[in-house]
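Asks: The structure file final.cif (mmCIF, C-alpha atoms, pLDDT in the B column; chains and numbers go by the auth columns) is provided below.
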```
data_work
#
loop_
_atom_site.group_PDB
_atom_site.id
_atom_site.type_symbol
_atom_site.label_atom_id
_atom_site.label_comp_id
_atom_site.label_asym_id
_atom_site.label_seq_id
_atom_site.Cartn_x
_atom_site.Cartn_y
_atom_site.Cartn_z
_atom_site.B_iso_or_equiv
_atom_site.auth_seq_id
_atom_site.auth_asym_id
ATOM 1 C CA MET A 1 3.415 -24.145 2.283 36.00 1 A
ATOM 2 C CA THR A 2 5.925 -24.055 -0.554 36.00 2 A
ATOM 3 C CA ILE A 3 7.066 -20.956 -2.373 37.00 3 A
ATOM 4 C CA ASP A 4 6.215 -21.288 -6.038 42.00 4 A
ATOM 5 C CA THR A 5 9.343 -19.570 -7.300 41.00 5 A
ATOM 6 C CA PRO A 6 12.282 -20.866 -9.317 43.00 6 A
ATOM 7 C CA PRO A 7 15.407 -21.827 -7.328 46.00 7 A
ATOM 8 C CA ILE A 8 18.351 -19.501 -6.977 45.00 8 A
ATOM 9 C CA THR A 9 21.006 -20.242 -9.566 47.00 9 A
ATOM 10 C CA ALA A 10 24.502 -18.876 -10.105 44.00 10 A
ATOM 11 C CA ALA A 11 23.134 -16.686 -12.890 47.00 11 A
ATOM 12 C CA THR A 12 20.475 -15.287 -10.554 45.00 12 A
ATOM 13 C CA GLN A 13 23.105 -14.457 -7.937 47.00 13 A
ATOM 14 C CA ARG A 14 25.250 -12.657 -10.501 48.00 14 A
ATOM 15 C CA ARG A 15 22.248 -10.687 -11.716 54.00 15 A
ATOM 16 C CA GLY A 16 21.256 -9.687 -8.202 65.00 16 A
ATOM 17 C CA THR A 17 18.076 -7.708 -7.605 73.00 17 A
ATOM 18 C CA SER A 18 18.555 -5.183 -10.389 77.00 18 A
ATOM 19 C CA THR A 19 16.259 -4.928 -13.427 85.00 19 A
ATOM 20 C CA PRO A 20 16.006 -2.364 -16.246 87.00 20 A
ATOM 21 C CA ALA A 21 13.109 -0.730 -14.371 88.00 21 A
ATOM 22 C CA THR A 22 15.031 -0.373 -11.115 89.00 22 A
ATOM 23 C CA ARG A 23 18.022 1.023 -12.974 92.00 23 A
ATOM 24 C CA VAL A 24 15.807 3.700 -14.534 93.00 24 A
ATOM 25 C CA ILE A 25 14.305 4.519 -11.127 94.00 25 A
ATOM 26 C CA GLY A 26 17.815 4.684 -9.667 93.00 26 A
ATOM 27 C CA ILE A 27 18.982 7.134 -12.316 95.00 27 A
ATOM 28 C CA LEU A 28 15.887 9.292 -11.769 95.00 28 A
ATOM 29 C CA THR A 29 16.472 9.196 -8.006 94.00 29 A
ATOM 30 C CA ILE A 30 20.083 10.335 -8.350 95.00 30 A
ATOM 31 C CA SER A 31 19.077 13.100 -10.784 94.00 31 A
ATOM 32 C CA MET A 32 16.310 14.401 -8.514 93.00 32 A
ATOM 33 C CA THR A 33 18.596 14.233 -5.462 92.00 33 A
ATOM 34 C CA ILE A 34 21.241 16.335 -7.241 94.00 34 A
ATOM 35 C CA TRP A 35 18.505 18.742 -8.319 91.00 35 A
ATOM 36 C CA LEU A 36 17.315 18.947 -4.708 90.00 36 A
ATOM 37 C CA GLY A 37 20.845 19.731 -3.541 89.00 37 A
ATOM 38 C CA VAL A 38 21.179 22.566 -6.053 89.00 38 A
ATOM 39 C CA PHE A 39 17.810 24.104 -5.218 84.00 39 A
ATOM 40 C CA GLY A 40 17.954 23.473 -1.469 83.00 40 A
ATOM 41 C CA LEU A 41 21.512 24.662 -0.871 83.00 41 A
ATOM 42 C CA VAL A 42 22.062 27.259 -3.594 82.00 42 A
ATOM 43 C CA LEU A 43 18.983 28.592 -5.393 80.00 43 A
ATOM 44 C CA SER A 44 16.406 28.599 -2.601 80.00 44 A
ATOM 45 C CA PRO A 45 16.543 31.767 -0.477 79.00 45 A
ATOM 46 C CA ALA A 46 17.170 31.874 3.264 76.00 46 A
ATOM 47 C CA ASP A 47 14.163 32.304 5.533 69.00 47 A
ATOM 48 C CA ARG A 48 13.328 35.739 6.954 71.00 48 A
ATOM 49 C CA ASP A 49 13.335 34.482 10.558 68.00 49 A
ATOM 50 C CA GLN A 50 15.275 31.202 10.536 72.00 50 A
ATOM 51 C CA GLY A 51 17.935 32.121 8.011 74.00 51 A
ATOM 52 C CA ASP A 52 19.795 29.228 6.418 75.00 52 A
ATOM 53 C CA ALA A 53 18.455 26.826 9.070 76.00 53 A
ATOM 54 C CA VAL A 54 15.321 26.523 6.964 80.00 54 A
ATOM 55 C CA ARG A 55 17.303 24.389 4.511 84.00 55 A
ATOM 56 C CA ILE A 56 16.982 21.476 6.964 86.00 56 A
ATOM 57 C CA MET A 57 13.336 21.448 5.905 86.00 57 A
ATOM 58 C CA TYR A 58 14.264 20.055 2.484 89.00 58 A
ATOM 59 C CA VAL A 59 15.419 16.854 4.164 91.00 59 A
ATOM 60 C CA HIS A 60 13.211 16.842 7.268 90.00 60 A
ATOM 61 C CA VAL A 61 9.831 17.114 5.545 90.00 61 A
ATOM 62 C CA PRO A 62 10.523 14.583 2.738 93.00 62 A
ATOM 63 C CA SER A 63 11.941 12.170 5.333 94.00 63 A
ATOM 64 C CA VAL A 64 8.819 12.196 7.458 93.00 64 A
ATOM 65 C CA TRP A 65 6.686 11.893 4.307 93.00 65 A
ATOM 66 C CA LEU A 66 8.698 8.851 3.235 94.00 66 A
ATOM 67 C CA ALA A 67 8.387 7.294 6.707 95.00 67 A
ATOM 68 C CA TYR A 68 4.603 7.786 6.704 95.00 68 A
ATOM 69 C CA LEU A 69 4.393 6.316 3.206 95.00 69 A
ATOM 70 C CA ALA A 70 6.527 3.330 4.194 96.00 70 A
ATOM 71 C CA PHE A 71 4.433 2.554 7.280 96.00 71 A
ATOM 72 C CA ILE A 72 1.190 2.808 5.300 96.00 72 A
ATOM 73 C CA VAL A 73 2.598 0.431 2.673 96.00 73 A
ATOM 74 C CA THR A 74 3.572 -1.938 5.504 96.00 74 A
ATOM 75 C CA ALA A 75 -0.012 -1.870 6.796 95.00 75 A
ATOM 76 C CA LEU A 76 -1.503 -2.456 3.337 95.00 76 A
ATOM 77 C CA ALA A 77 0.867 -5.341 2.623 94.00 77 A
ATOM 78 C CA SER A 78 0.140 -6.779 6.083 93.00 78 A
ATOM 79 C CA GLY A 79 -3.566 -6.704 5.281 92.00 79 A
ATOM 80 C CA VAL A 80 -2.932 -8.504 1.992 91.00 80 A
ATOM 81 C CA HIS A 81 -0.955 -11.147 3.858 90.00 81 A
ATOM 82 C CA LEU A 82 -3.651 -11.704 6.478 88.00 82 A
ATOM 83 C CA PHE A 83 -6.712 -11.604 4.241 87.00 83 A
ATOM 84 C CA GLY A 84 -5.384 -12.420 0.784 80.00 84 A
ATOM 85 C CA ARG A 85 -4.959 -15.955 -0.512 69.00 85 A
ATOM 86 C CA ARG A 86 -2.380 -15.499 -3.238 68.00 86 A
ATOM 87 C CA HIS A 87 1.115 -14.077 -2.912 65.00 87 A
ATOM 88 C CA SER A 88 0.676 -13.666 0.857 79.00 88 A
ATOM 89 C CA LEU A 89 4.322 -14.374 1.657 84.00 89 A
ATOM 90 C CA GLN A 90 5.466 -11.916 -0.979 88.00 90 A
ATOM 91 C CA ALA A 91 3.178 -9.310 0.596 90.00 91 A
ATOM 92 C CA ASP A 92 4.844 -10.022 3.942 91.00 92 A
ATOM 93 C CA ARG A 93 8.251 -9.426 2.386 92.00 93 A
ATOM 94 C CA VAL A 94 7.046 -6.084 1.006 94.00 94 A
ATOM 95 C CA ALA A 95 5.710 -5.198 4.464 94.00 95 A
ATOM 96 C CA GLY A 96 9.034 -6.020 6.111 94.00 96 A
ATOM 97 C CA ALA A 97 11.109 -4.191 3.512 95.00 97 A
ATOM 98 C CA SER A 98 8.895 -1.111 3.714 96.00 98 A
ATOM 99 C CA ALA A 99 9.064 -1.070 7.521 96.00 99 A
ATOM 100 C CA GLU A 100 12.867 -1.228 7.432 95.00 100 A
ATOM 101 C CA ILE A 101 12.968 1.771 5.104 96.00 101 A
ATOM 102 C CA GLY A 102 10.447 3.629 7.238 95.00 102 A
ATOM 103 C CA VAL A 103 12.462 3.100 10.413 96.00 103 A
ATOM 104 C CA VAL A 104 15.618 4.451 8.765 96.00 104 A
ATOM 105 C CA PHE A 105 13.904 7.598 7.533 95.00 105 A
ATOM 106 C CA MET A 106 11.993 8.115 10.760 95.00 106 A
ATOM 107 C CA ALA A 107 15.414 8.160 12.427 95.00 107 A
ATOM 108 C CA VAL A 108 16.519 10.776 9.862 94.00 108 A
ATOM 109 C CA THR A 109 13.367 12.737 10.721 92.00 109 A
ATOM 110 C CA LEU A 110 14.184 12.699 14.429 92.00 110 A
ATOM 111 C CA VAL A 111 17.825 13.691 13.908 93.00 111 A
ATOM 112 C CA THR A 112 17.053 16.566 11.524 91.00 112 A
ATOM 113 C CA GLY A 113 14.221 17.687 13.782 87.00 113 A
ATOM 114 C CA MET A 114 16.573 17.784 16.759 87.00 114 A
ATOM 115 C CA LEU A 115 19.103 19.845 14.783 88.00 115 A
ATOM 116 C CA TRP A 116 16.362 22.226 13.714 82.00 116 A
ATOM 117 C CA GLY A 117 15.075 22.407 17.303 80.00 117 A
ATOM 118 C CA ARG A 118 18.537 23.304 18.595 83.00 118 A
ATOM 119 C CA ILE A 119 18.657 26.252 16.223 82.00 119 A
ATOM 120 C CA THR A 120 15.081 27.504 16.699 77.00 120 A
ATOM 121 C CA TRP A 121 14.269 26.487 20.310 76.00 121 A
ATOM 122 C CA GLY A 122 17.778 26.436 21.771 80.00 122 A
ATOM 123 C CA VAL A 123 17.596 22.756 22.808 82.00 123 A
ATOM 124 C CA TYR A 124 17.843 19.486 20.918 83.00 124 A
ATOM 125 C CA TRP A 125 14.849 17.866 22.590 81.00 125 A
ATOM 126 C CA GLN A 126 11.627 18.829 24.322 81.00 126 A
ATOM 127 C CA TRP A 127 8.931 16.448 25.509 81.00 127 A
ATOM 128 C CA ASP A 128 6.639 18.150 23.058 81.00 128 A
ATOM 129 C CA ALA A 129 3.532 16.372 21.715 80.00 129 A
ATOM 130 C CA ARG A 130 4.882 16.087 18.159 82.00 130 A
ATOM 131 C CA LEU A 131 8.364 14.965 19.225 86.00 131 A
ATOM 132 C CA THR A 132 7.063 12.475 21.781 86.00 132 A
ATOM 133 C CA THR A 133 4.544 10.846 19.447 89.00 133 A
ATOM 134 C CA THR A 134 7.151 10.696 16.671 89.00 134 A
ATOM 135 C CA ALA A 135 9.595 8.941 18.997 92.00 135 A
ATOM 136 C CA LEU A 136 6.815 6.532 20.009 93.00 136 A
ATOM 137 C CA LEU A 137 6.102 5.781 16.345 93.00 137 A
ATOM 138 C CA PHE A 138 9.793 5.091 15.751 95.00 138 A
ATOM 139 C CA ILE A 139 9.990 2.740 18.737 95.00 139 A
ATOM 140 C CA SER A 140 6.806 0.935 17.640 94.00 140 A
ATOM 141 C CA TYR A 141 8.289 0.030 14.273 95.00 141 A
ATOM 142 C CA VAL A 142 11.599 -0.967 15.804 95.00 142 A
ATOM 143 C CA GLY A 143 9.443 -3.330 17.847 94.00 143 A
ATOM 144 C CA TYR A 144 7.718 -4.486 14.655 94.00 144 A
ATOM 145 C CA LEU A 145 11.082 -5.416 13.177 94.00 145 A
ATOM 146 C CA ALA A 146 11.948 -7.251 16.402 94.00 146 A
ATOM 147 C CA VAL A 147 8.705 -9.257 16.144 92.00 147 A
ATOM 148 C CA ARG A 148 9.692 -10.296 12.621 90.00 148 A
ATOM 149 C CA GLY A 149 12.828 -11.891 14.052 87.00 149 A
ATOM 150 C CA LEU A 150 11.118 -13.964 16.744 87.00 150 A
ATOM 151 C CA GLU A 151 11.236 -17.746 16.707 83.00 151 A
ATOM 152 C CA GLY A 152 8.639 -19.687 14.745 80.00 152 A
ATOM 153 C CA THR A 153 7.841 -20.897 11.265 81.00 153 A
ATOM 154 C CA ARG A 154 7.939 -18.517 8.325 82.00 154 A
ATOM 155 C CA GLU A 155 4.132 -18.295 8.305 86.00 155 A
ATOM 156 C CA GLN A 156 3.869 -17.754 12.067 87.00 156 A
ATOM 157 C CA ARG A 157 6.372 -14.906 12.020 88.00 157 A
ATOM 158 C CA ALA A 158 4.647 -13.312 9.040 88.00 158 A
ATOM 159 C CA ARG A 159 1.224 -13.483 10.680 90.00 159 A
ATOM 160 C CA ARG A 160 2.433 -12.037 13.993 92.00 160 A
ATOM 161 C CA SER A 161 4.236 -9.141 12.322 92.00 161 A
ATOM 162 C CA ALA A 162 1.236 -8.434 10.059 92.00 162 A
ATOM 163 C CA ILE A 163 -1.013 -7.974 13.093 94.00 163 A
ATOM 164 C CA VAL A 164 1.514 -5.600 14.683 93.00 164 A
ATOM 165 C CA GLY A 165 1.848 -3.697 11.399 93.00 165 A
ATOM 166 C CA LEU A 166 -1.903 -3.108 11.181 93.00 166 A
ATOM 167 C CA PHE A 167 -2.072 -1.737 14.716 93.00 167 A
ATOM 168 C CA ALA A 168 1.141 0.343 14.574 93.00 168 A
ATOM 169 C CA VAL A 169 -0.013 2.356 11.544 93.00 169 A
ATOM 170 C CA LEU A 170 -2.798 3.859 13.698 92.00 170 A
ATOM 171 C CA GLU A 171 -0.107 6.030 15.288 91.00 171 A
ATOM 172 C CA VAL A 172 0.595 7.854 12.002 91.00 172 A
ATOM 173 C CA PRO A 173 -2.520 10.113 12.126 89.00 173 A
ATOM 174 C CA LEU A 174 -1.876 10.661 15.834 89.00 174 A
ATOM 175 C CA VAL A 175 1.608 11.999 15.050 86.00 175 A
ATOM 176 C CA HIS A 176 0.364 14.109 12.151 80.00 176 A
ATOM 177 C CA TRP A 177 -2.455 15.768 14.099 83.00 177 A
ATOM 178 C CA SER A 178 -0.597 16.042 17.418 75.00 178 A
ATOM 179 C CA VAL A 179 0.116 19.752 16.877 71.00 179 A
ATOM 180 C CA LYS A 180 -3.653 20.370 16.780 71.00 180 A
ATOM 181 C CA LEU A 181 -4.677 17.922 19.493 67.00 181 A
ATOM 182 C CA TRP A 182 -2.214 19.302 22.054 65.00 182 A
ATOM 183 C CA ARG A 183 -0.409 22.578 22.622 65.00 183 A
ATOM 184 C CA SER A 184 2.824 22.009 20.750 59.00 184 A
ATOM 185 C CA LEU A 185 6.049 23.889 20.160 55.00 185 A
ATOM 186 C CA HIS A 186 6.185 22.360 16.695 58.00 186 A
ATOM 187 C CA GLN A 187 4.772 24.564 13.976 58.00 187 A
ATOM 188 C CA GLU A 188 1.723 23.438 12.011 60.00 188 A
ATOM 189 C CA ALA A 189 1.984 22.193 8.448 57.00 189 A
ATOM 190 C CA THR A 190 3.167 25.055 6.272 56.00 190 A
ATOM 191 C CA VAL A 191 2.053 23.775 2.856 54.00 191 A
ATOM 192 C CA LEU A 192 -1.370 22.324 3.729 50.00 192 A
ATOM 193 C CA GLY A 193 -1.827 24.025 7.086 48.00 193 A
ATOM 194 C CA THR A 194 -4.518 26.475 8.181 45.00 194 A
ATOM 195 C CA ASP A 195 -2.189 29.194 9.445 47.00 195 A
ATOM 196 C CA LEU A 196 -2.538 31.932 6.827 42.00 196 A
ATOM 197 C CA ASP A 197 0.277 33.973 8.394 47.00 197 A
ATOM 198 C CA VAL A 198 2.824 31.298 7.454 49.00 198 A
ATOM 199 C CA SER A 199 3.682 30.855 3.794 56.00 199 A
ATOM 200 C CA LEU A 200 6.575 29.644 1.686 62.00 200 A
ATOM 201 C CA ASP A 201 8.420 31.525 -1.013 66.00 201 A
ATOM 202 C CA GLY A 202 7.702 30.057 -4.446 75.00 202 A
ATOM 203 C CA LEU A 203 11.247 28.734 -4.854 82.00 203 A
ATOM 204 C CA MET A 204 11.150 27.252 -1.352 81.00 204 A
ATOM 205 C CA LEU A 205 7.896 25.472 -2.150 86.00 205 A
ATOM 206 C CA PHE A 206 9.304 24.163 -5.432 87.00 206 A
ATOM 207 C CA SER A 207 12.473 22.924 -3.696 85.00 207 A
ATOM 208 C CA LEU A 208 10.328 21.123 -1.130 89.00 208 A
ATOM 209 C CA PHE A 209 8.313 19.545 -3.938 90.00 209 A
ATOM 210 C CA VAL A 210 11.546 18.344 -5.587 90.00 210 A
ATOM 211 C CA GLY A 211 12.577 16.811 -2.259 91.00 211 A
ATOM 212 C CA VAL A 212 9.296 14.928 -1.884 93.00 212 A
ATOM 213 C CA VAL A 213 9.564 13.551 -5.428 94.00 213 A
ATOM 214 C CA ALA A 214 13.223 12.552 -4.946 94.00 214 A
ATOM 215 C CA PHE A 215 12.527 10.776 -1.665 95.00 215 A
ATOM 216 C CA THR A 216 9.470 9.011 -3.102 95.00 216 A
ATOM 217 C CA LEU A 217 11.568 7.662 -5.972 95.00 217 A
ATOM 218 C CA LEU A 218 14.195 6.594 -3.444 95.00 218 A
ATOM 219 C CA PHE A 219 11.527 4.728 -1.472 96.00 219 A
ATOM 220 C CA VAL A 220 10.329 2.853 -4.548 95.00 220 A
ATOM 221 C CA TRP A 221 13.898 1.950 -5.524 95.00 221 A
ATOM 222 C CA LEU A 222 14.808 0.730 -2.035 95.00 222 A
ATOM 223 C CA LEU A 223 11.533 -1.174 -1.638 95.00 223 A
ATOM 224 C CA LEU A 224 11.990 -3.096 -4.892 93.00 224 A
ATOM 225 C CA HIS A 225 15.568 -4.077 -4.100 92.00 225 A
ATOM 226 C CA ARG A 226 14.974 -4.964 -0.451 92.00 226 A
ATOM 227 C CA SER A 227 11.833 -7.019 -1.074 90.00 227 A
ATOM 228 C CA ARG A 228 13.658 -8.972 -3.788 90.00 228 A
ATOM 229 C CA MET A 229 16.561 -9.509 -1.418 88.00 229 A
ATOM 230 C CA LEU A 230 14.171 -10.893 1.212 87.00 230 A
ATOM 231 C CA THR A 231 12.722 -13.214 -1.428 86.00 231 A
ATOM 232 C CA MET A 232 16.206 -14.491 -2.252 85.00 232 A
ATOM 233 C CA LEU A 233 16.953 -15.036 1.446 83.00 233 A
ATOM 234 C CA ASP A 234 13.734 -17.044 1.879 78.00 234 A
ATOM 235 C CA LEU A 235 14.501 -19.134 -1.193 79.00 235 A
ATOM 236 C CA SER A 236 18.045 -19.710 0.001 77.00 236 A
ATOM 237 C CA ALA A 237 16.814 -20.839 3.429 68.00 237 A
ATOM 238 C CA GLU A 238 14.219 -23.130 1.873 63.00 238 A
ATOM 239 C CA SER A 239 16.674 -24.683 -0.590 63.00 239 A
ATOM 240 C CA GLY A 240 19.170 -25.153 2.239 56.00 240 A
ATOM 241 C CA LEU A 241 16.545 -26.957 4.325 49.00 241 A
ATOM 242 C CA GLU A 242 15.548 -29.172 1.415 55.00 242 A
ATOM 243 C CA SER A 243 19.216 -30.001 0.785 57.00 243 A
ATOM 244 C CA ALA A 244 19.716 -30.927 4.453 50.00 244 A
ATOM 245 C CA LEU A 245 16.605 -33.151 4.422 50.00 245 A
ATOM 246 C CA ALA A 246 17.734 -34.849 1.219 57.00 246 A
ATOM 247 C CA GLN A 247 21.170 -35.446 2.702 59.00 247 A
ATOM 248 C CA ARG A 248 19.588 -36.897 5.828 56.00 248 A
ATOM 249 C CA ARG A 249 17.397 -39.224 3.768 58.00 249 A
ATOM 250 C CA ALA A 250 20.441 -40.328 1.807 59.00 250 A
ATOM 251 C CA GLU A 251 22.294 -41.071 5.034 53.00 251 A
ATOM 252 C CA GLY A 252 19.319 -43.023 6.302 55.00 252 A
ATOM 253 C CA GLY A 253 19.132 -45.071 3.092 56.00 253 A
ATOM 254 C CA ALA A 254 22.857 -45.842 3.211 52.00 254 A
ATOM 255 C CA SER A 255 22.707 -47.015 6.827 51.00 255 A
ATOM 256 C CA ALA A 256 19.682 -49.190 6.027 47.00 256 A
#
```
What does the file become when written as structure tokens?
Replies:
Amino acid sequence: MTIDTPPITAATQRRGTSTPATRVIGILTISMTIWLGVFGLVLSPADRDQGDAVRIMYVHVPSVWLAYLAFIVTALASGVHLFGRRHSLQADRVAGASAEIGVVFMAVTLVTGMLWGRITWGVYWQWDARLTTTALLFISYVGYLAVRGLEGTREQRARRSAIVGLFAVLEVPLVHWSVKLWRSLHQEATVLGTDLDVSLDGLMLFSLFVGVVAFTLLFVWLLLHRSRMLTMLDLSAESGLESALAQRRAEGGASA
């Protein structure tokens, strides 16, 4: 199968993966991140029980949201690769790029959760249902990225990783509902939860909303750049192979 895309030129390399759209998204991401910093660190009040430790929430919650979103996008793109006929390799690149982003922000989720746990529980880690399933989800997608690097043709690697991506996403609802399925130290969802005794101050809720928007924009920006980078790497590998084959044919013709 050939990739129906123009070859990489010197002009393409100078231009990189940036476009006017990604530059706009980048500016919006930076603006929303600064806004989040102002609201989360300065304007938003401290919690009645947790004090200033609650400010970790403005990174922790958007990070886990971004990780969930990234893993769902990986599953959708994997499905397109397996069952779609057109642009299947591009869908695989989107799946791989999204999984890489998800793994990074799932790591951020675990680290911020451990810091929060140290303040509220007195320990960094407990083999709690939510923490354990989150760690399992993280390890599963590290394994997904490892599968993408296994030996084989481009199509074989893409197909194997797509199958793993479709199965791994089934862990996302397990992680989300773990606090209800098992007795957990982790609190239930505050914004969309059923615990009426737990509520957020209006400014806290708005700061959290700003964080979710900022991290979503960051995901889109990273996904566009990384998927384009993977496309360029595939094109570079393909053009390098074609050049080597042409050189070999030339050598064969000269010896004949």
Asks: Please evaluate the PyMOL selection byres ((chain A and resi 125) around 12) against the structure above and give the resulting residues as a PDB file with C-alpha atoms, keeping the file's coordinate frame.
Replies:
```pdb
ATOM      1  CA  LEU A 110      14.184  12.699  14.429  1.00 92.00           C
ATOM      2  CA  VAL A 111      17.825  13.691  13.908  1.00 93.00           C
ATOM      3  CA  THR A 112      17.053  16.566  11.524  1.00 91.00           C
ATOM      4  CA  GLY A 113      14.221  17.687  13.782  1.00 87.00           C
ATOM      5  CA  MET A 114      16.573  17.784  16.759  1.00 87.00           C
ATOM      6  CA  LEU A 115      19.103  19.845  14.783  1.00 88.00           C
ATOM      7  CA  TRP A 116      16.362  22.226  13.714  1.00 82.00           C
ATOM      8  CA  GLY A 117      15.075  22.407  17.303  1.00 80.00           C
ATOM      9  CA  ARG A 118      18.537  23.304  18.595  1.00 83.00           C
ATOM     10  CA  ILE A 119      18.657  26.252  16.223  1.00 82.00           C
ATOM     11  CA  THR A 120      15.081  27.504  16.699  1.00 77.00           C
ATOM     12  CA  TRP A 121      14.269  26.487  20.310  1.00 76.00           C
ATOM     13  CA  GLY A 122      17.778  26.436  21.771  1.00 80.00           C
ATOM     14  CA  VAL A 123      17.596  22.756  22.808  1.00 82.00           C
ATOM     15  CA  TYR A 124      17.843  19.486  20.918  1.00 83.00           C
ATOM     16  CA  GLN A 126      11.627  18.829  24.322  1.00 81.00           C
ATOM     17  CA  TRP A 127       8.931  16.448  25.509  1.00 81.00           C
ATOM     18  CA  ASP A 128       6.639  18.150  23.058  1.00 81.00           C
ATOM     19  CA  ALA A 129       3.532  16.372  21.715  1.00 80.00           C
ATOM     20  CA  ARG A 130       4.882  16.087  18.159  1.00 82.00           C
ATOM     21  CA  LEU A 131       8.364  14.965  19.225  1.00 86.00           C
ATOM     22  CA  THR A 132       7.063  12.475  21.781  1.00 86.00           C
ATOM     23  CA  ALA A 135       9.595   8.941  18.997  1.00 92.00           C
ATOM     24  CA  LEU A 185       6.049  23.889  20.160  1.00 55.00           C
ATOM     25  CA  HIS A 186       6.185  22.360  16.695  1.00 58.00           C
TER      26      HIS A 186
END
```
Asks: What does the distance from atom CA of His81 of chain A to atom CA of Leu166 of chain A come to in Å, to one decimal?
Replies: 10.9 Å
Asks: Anything within 9 Å of (3.8, -0.5, 16.5): list those residues as a list in words, counting all atoms listed in the file and sticking to the file's coordinates.
Replies: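 So the residues meeting the distance criterion are Leu136, Leu137, Phe138, Ile139, Ser140, Tyr141, Val142, Gly143, Tyr144, Val164, Gly165, Leu166, Phe167, Ala168, Val169, Leu170 and Glu171 of chain A.
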Asks: To verify the selection step, state as JSON, numbers by chain which residues the PyMOL selection byres ((chain A and resi 227) around 10) yields on this input.
Replies: {"A": [17, 90, 91, 92, 93, 94, 95, 96, 97, 98, 222, 223, 224, 225, 226, 228, 229, 230, 231, 232, 233]}
Asks: Using only C-alpha atoms, find the one residue out of A:Gly51, A:Val104, A:Leu217, A:Ile163 that sits nearest to Phe83 of chain A.
Replies: A:Ile163
Asks: Going by the chain IDs and residue numbers used in this file, which residues fall under the PyMOL selection byres ((chain A and resi 203-213) around 8)? Write them as a PyMOL selection string.
Replies: chain A and resi 32-33+35-36+39-40+43-45+57-59+61-62+65-66+191+200-202+214-217
Asks: Identify which of the residues A:Pro173, A:Phe219, A:Thr133, A:Ala99 lies closest to Ser161 of chain A, counting all atoms listed in the file when measuring atom-to-atom distances.
Replies: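 Under the stated criterion, the closest residue is A:Ala99.
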Asks: Using all atoms listed in the file, pick whichever of A:Ala162, A:Gly149, A:Ile56, A:Ile34 has the shortest atom-to-atom distance to Phe71 of chain A.
Replies: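 Of A:Ala162, A:Gly149, A:Ile56, A:Ile34, the one nearest Phe71 of chain A, counting all atoms listed in the file, is A:Ala162.
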Asks: One decimal, Å: what's the distance from atom CA of Thr153 of chain A over to atom CA of Asp234 of chain A, could you say?
Replies: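 Atom CA of Thr153 of chain A sits 11.7 Å away from atom CA of Asp234 of chain A.
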